[in-house]
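Asks: So that we are looking at the same thing, I have put the structure below in structure tokens.
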Amino acid sequence: MAPKKSTRASTRAADSCTVDVTPKDDVSREEVDVKKPIRGKRSASDSSDKKKKSVPTSIPLFSHWLMKSEPETRLEYGVDVKFGIEDLKALPNKTGCWDGVRNYQARNFMRDMREGHVAFFYHSNCKEPGIAGVMEVVKVAYVDHTQFDKKDVHFDASSKADNPKWSMVDVRYQRMLQRFIPLSELKKYHLKHRATGGPLKSMALFTSARLSVQPLTPEEFQFVLDLETKEPI
């Protein structure tokens, strides 16, 4: 699930493993705000954050990601879980926590994330799913507080404070893609590359479609990024 609460943003620069996400045709990307962190109305950095350390992580195999969220209204236990890229952009410092992930593999991928890693913001469970923009990881995995909140749709009664199951990261909006890249177009490339060879032949979006957090190889990420300046197929 997507972030619903604004957080404090890190000012640490992206590491050397990130791909340049500036459009190839010199269309200027929107500036990433790295000023003094702003405490939002619904900050993820509550008092419990001071007591809970970040989740230890191993050396990551990936540095590029695809993260899914729902941009259209959907009620779950009476709560609207809608969160699109425009919602992230509207948060203080354009930063939010990616909470509510309740799949172990997706959680483990988030635990592999580092500050400066880049991710596609993927709109899912909507009329036209696809990639809308780019964001940056600005805080490594730490305890997802929503698992302990009985009023939250992602409450997990089996998770204990002394041994929490679930983690989240903080992400910051970077920019919209020059054009929305729909799932239907990506599937065409996937099928073509699977038959003839190409960057998207093993893309997790099609081989592990149910995962809300997925790794991308640098080649996959760059190929998709380059599509924004090409005509749809």
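Naming scheme: A, B, ... for chains in displayed order of the structure tokens; residues 1 onward per chain; ligands 1 onward as shown.
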List every residue of segment 30-226 of chain A that DSSP, applied to the backbone of this structure, assigns to helix (DSSP H, G or I), and report them as a count of residues only.
Replies: 52
Asks: Could you list, with a cut-off of 8 Å and counting only C-alpha atoms, the residues of segment 113-192 of chain A near segment 73-88 of chain A, each shown with its nearest atom pair and the distance in Å rounded to one decimal, rows sorted by chain and ascending number, as a tab-separated table?
Replies:
```
residue	atom	partner	partner_atom	distance
A:Phe121	CA	A:Ile85	CA	6.6
A:His123	CA	A:Gly84	CA	6.7
A:Ala132	CA	A:Ile85	CA	7.1
A:Gly133	CA	A:Ile85	CA	7.2
A:Val153	CA	A:Tyr77	CA	6.6
A:Arg172	CA	A:Leu88	CA	7.6
A:Tyr173	CA	A:Leu88	CA	6.4
```
Asks: Give me, please, the distance in Å between atom CA of Asn108 of chain A and atom CA of Arg194 of chain A, quoted to one decimal.
Replies: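 Atom CA of Asn108 of chain A sits 26.9 Å away from atom CA of Arg194 of chain A.
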Asks: As a PDB file with C-alpha atoms, in the first residue's frame, please: every residue in segment 63-174 of chain A that DSSP puts in strand (DSSP E or B).
Replies:
```
ATOM      1  CA  HIS A  64      15.839   0.188  -8.636  1.00  0.00           C
ATOM      2  CA  TRP A  65      12.240  -0.604  -7.774  1.00  0.00           C
ATOM      3  CA  LEU A  66       8.596  -0.537  -8.789  1.00  0.00           C
ATOM      4  CA  MET A  67       6.075   0.230  -6.041  1.00  0.00           C
ATOM      5  CA  LYS A  68       2.318  -0.092  -6.479  1.00  0.00           C
ATOM      6  CA  SER A  69      -0.445   2.064  -5.045  1.00  0.00           C
ATOM      7  CA  LEU A  75     -13.099   1.731   0.743  1.00  0.00           C
ATOM      8  CA  GLU A  76     -11.596  -0.889   2.997  1.00  0.00           C
ATOM      9  CA  VAL A  79     -11.505   3.805   5.065  1.00  0.00           C
ATOM     10  CA  ASP A  80     -10.483   5.145   1.667  1.00  0.00           C
ATOM     11  CA  THR A  95       7.574  12.847   1.225  1.00  0.00           C
ATOM     12  CA  GLY A  96       5.570  10.012   2.773  1.00  0.00           C
ATOM     13  CA  CYS A  97       5.993   6.628   4.437  1.00  0.00           C
ATOM     14  CA  VAL A 118      14.902   5.184  -7.156  1.00  0.00           C
ATOM     15  CA  ALA A 119      11.485   3.652  -7.778  1.00  0.00           C
ATOM     16  CA  PHE A 120       8.676   3.906 -10.264  1.00  0.00           C
ATOM     17  CA  PHE A 121       5.331   4.934  -8.771  1.00  0.00           C
ATOM     18  CA  TYR A 122       2.929   2.419 -10.292  1.00  0.00           C
ATOM     19  CA  HIS A 123      -0.822   3.023 -10.287  1.00  0.00           C
ATOM     20  CA  GLY A 130       0.712   1.734 -15.273  1.00  0.00           C
ATOM     21  CA  ILE A 131       3.743   3.812 -14.338  1.00  0.00           C
ATOM     22  CA  ALA A 132       3.045   7.446 -13.497  1.00  0.00           C
ATOM     23  CA  GLY A 133       6.309   8.829 -12.192  1.00  0.00           C
ATOM     24  CA  VAL A 134       9.538   8.478 -10.255  1.00  0.00           C
ATOM     25  CA  MET A 135      10.303   8.731  -6.554  1.00  0.00           C
ATOM     26  CA  GLU A 136      13.358   8.343  -4.345  1.00  0.00           C
ATOM     27  CA  VAL A 137      13.927   6.381  -1.155  1.00  0.00           C
ATOM     28  CA  VAL A 138      14.913   8.868   1.555  1.00  0.00           C
ATOM     29  CA  LYS A 139      14.765   6.689   4.666  1.00  0.00           C
ATOM     30  CA  VAL A 140      15.651   3.009   5.011  1.00  0.00           C
ATOM     31  CA  ALA A 141      13.246   0.442   6.433  1.00  0.00           C
ATOM     32  CA  TYR A 142      11.902   0.980   9.930  1.00  0.00           C
ATOM     33  CA  VAL A 143       8.958  -0.325  11.938  1.00  0.00           C
ATOM     34  CA  LYS A 160       4.072  -7.760  18.674  1.00  0.00           C
ATOM     35  CA  ASN A 163       9.030  -8.435  17.556  1.00  0.00           C
ATOM     36  CA  SER A 167       8.448  -2.460   7.929  1.00  0.00           C
ATOM     37  CA  MET A 168       8.125   0.634   5.779  1.00  0.00           C
ATOM     38  CA  VAL A 169      10.394   3.141   4.044  1.00  0.00           C
ATOM     39  CA  ASP A 170      10.075   6.850   3.354  1.00  0.00           C
ATOM     40  CA  VAL A 171       9.878   7.978  -0.267  1.00  0.00           C
ATOM     41  CA  ARG A 172      10.007  11.403  -1.885  1.00  0.00           C
ATOM     42  CA  TYR A 173       8.325  12.437  -5.130  1.00  0.00           C
ATOM     43  CA  GLN A 174      10.801  13.308  -7.880  1.00  0.00           C
TER      44      GLN A 174
END
```
Asks: Fewer than 3 positions away in the same chain doesn't count, so skip those; otherwise give me all residues within 7 Å of His190 of chain A, counting only C-alpha atoms, as a list in words.
Replies: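 The residues that qualify are Leu186, Lys187, His193, Arg194, Leu200 and Lys201 of chain A.
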Asks: Any idea what the distance is between atom CA of Ile181 of chain A and atom CA of Pro218 of chain A?
Replies: 17.6 Å
Asks: Using only C-alpha atoms, pick whichever of A:Asp112, A:Leu191, A:Val101, A:Thr196 has the shortest atom-to-atom distance to Thr146 of chain A.
Replies: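 Answer, going by the shortest atom-to-atom distance: A:Val101.
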Asks: To one decimal place in Å, what is the distance between atom CA of Pro129 of chain A and atom CA of Asp156 of chain A?
Replies: 28.0 Å
